[in-house]
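Asker: Below is one structure. I have some questions about it.
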Amino acid sequence: MDALNGYFLFRDWQIVINRLDICIYYLLWTATLSPRLTLQQETTTTKNWDCPAECICLSPKQVLCNTGGLKDIPTQQLPPTVEELSLTKNSFPVIKGDAFAGLKVLRKLIMDGNNISTIRPFAFRGLNKLRELFIQHTPLPFIEKFSFAALQNVSTLLLANNKIRYIEGNSFAGTSNIKVIILTNNPLLRIQSHAFSSLTNVIRLIFPSGIRTIEPDAFDGLQHVGLLKLTYMDLSSLQSYTFRGLSYVHSLNIQESDLGIIEKNVFSGLAHVDRLNILNNKIDLIEKLSLRHENNIELLRFHGNHVLEAPRHAKDINLEVSSISAVDNHFPCDCQAHNVLESDFVNGTVSEFQKKNYCISPIEYNGKPMNLVDFDLIARCHDNVMQDNLGSGVVGIFTLPTTLFLVLLFSMNLFQ
């Protein structure tokens, strides 16, 4: 009886082992077959779509249309499953509105080297999964209003090496989450008001050299920026309210530029900046440099600048900043120097400031440290002395040249 029970037990275990072998074999077979099925499905899908003659369809997810002589974007002929699309070195001059409608899973779009002269409003609308957009080496002359609108998830936008001369307002309306915008090697002359409105969470926004005009509110609505870098500009003035509406910036760099006149309200409306770097610029005149507590500036670095004409009064430099560093600058060492030495630029002792900054004028002191000049022997500027003595009620008189004012004063004495 025990022998019989042992036999049945052995038989049951044998059945279990056989079934396990079958399951393992099935799993291995399925794993081997799955890639073949996937490849077969992709091949079948590709066959259902006739690849444009000018393109190479590597798979339903990847299509190359390079140097194909396309006169238009063949959106209707492309599989809706395409995720990477390259359209380089073709001949379509216009990207129309909703040009890529239907390509809802597109993640990467490259359009370098085309004859693009116009990007219409909402050209890329509907590309909700697009992450990378490249438009470089084209004759594109400007960025039109709403042309890059409604790009919700693009992280990289490369617009280098085009012919972009200006950026219209609201070009990026409704667009957010772009991490990197590169505009280098464009003949960009003007940034219009609200040009970057709606952009948030930009890690790097790099501009080309040669900008000549930045309109007030040019950066209004631009928020949460890692680095905003403006270099090699040729401005007649850094206008009032240029940076109004710009907020939460880690580093704002204004450097290696001819800034012309820094107008009195240039930083009004700027808020929450970790580092404001004004570096190695030529400045004709500082009308007023005011950074108030509400600007929330953590660090101001005013380094290596050549200031041809100082502010009219020391109070015109009002820096309510957590930390100030002003070194290697060149200031006038004539009567105007008193306005600098009594201003908020001097974050510490006057003698230490004089050691770390230099003279730009008069010519015999050009390039020499300010501490070589005995400013006790230099009188204050005449206009400032007269204005302080007579009070604010005569400010308007001193808009006249000093010589003309003295002639008028002498004439009045003669008549008396």
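FYI, nothing fancy with the structure tokens labels: chains A, B, ... in order, residues from 1 per chain, ligands from 1 as they appear.
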What lies within 12 Å of Asp234 (chain A) using only C-alpha atoms, ignoring chain neighbours under 4 positions off, as a list in words?
Answerer: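 The residues satisfying every condition are Leu188, Leu189, Arg190, Pro208, Ser209, Gly210, Ile211, Arg212, Thr213, Ile214, Leu230, Leu238, Ile254, Gln255, Glu256, Ser257, Asp258, Leu259, Gly260, Ile261, Asn281, Lys282, Ile283 and Asp284 of chain A.
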Asker: Quick one: DSSP alpha helix (DSSP H) residues in region 43-246 of chain A, as a list in words?
Answerer: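 Of region 43-246 of chain A, only Thr43, Thr44, Thr45, Thr46, Lys47 and Asn48 of chain A fall in alpha helix (DSSP H).
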Asker: Just want the 12 Å neighbourhood of Glu352 (chain A), counted on only C-alpha atoms, with same-chain residues fewer than 2 positions away dropped. Output as number ranges by chain.
Answerer: A: 325-328, 341, 345-350, 354-358, 369-371
Asker: Mind listing the strand (DSSP E) residues of region 68-293 of chain A, per DSSP on the backbone, as a ChimeraX atom specification?
Answerer: /A:84-86,94-95,108-110,118-119,132-134,142-143,156-158,166-167,180-182,190-191,200-206,213-214,223-231,237-238,247-255,258-262,271-279,282-286,289-291
Asker: Near Gln136 (chain A), within 8 Å and counting only C-alpha atoms, which residues show up once chain neighbours fewer than 2 positions away are dropped, as number ranges by chain?
Answerer: A: 111-113, 134, 138, 158-162
Asker: Between CA of His306 (chain A) and CA of Val273 (chain A), what distance in Å does the model show, to one decimal?
Answerer: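 Atom-to-atom, CA of His306 (chain A) to CA of Val273 (chain A), that is 23.8 Å.
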Asker: Could you jot down the CA of Val202 (chain A) to CA of Leu276 (chain A) separation for me, Å, one decimal place?
Answerer: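 These atoms are spaced 16.9 Å apart.
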Asker: Quote the spacing between CA of Ser268 (chain A) and CA of Lys288 (chain A) in Å to one decimal place.
Answerer: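 Value for the CA of Ser268 (chain A)-CA of Lys288 (chain A) distance: 11.2 Å.
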Asker: Which one of A:Glu144, A:Glu83, A:Glu320, A:Asp72 sits closest to Glu132 (chain A) if you count only C-alpha atoms?
Answerer: A:Glu83
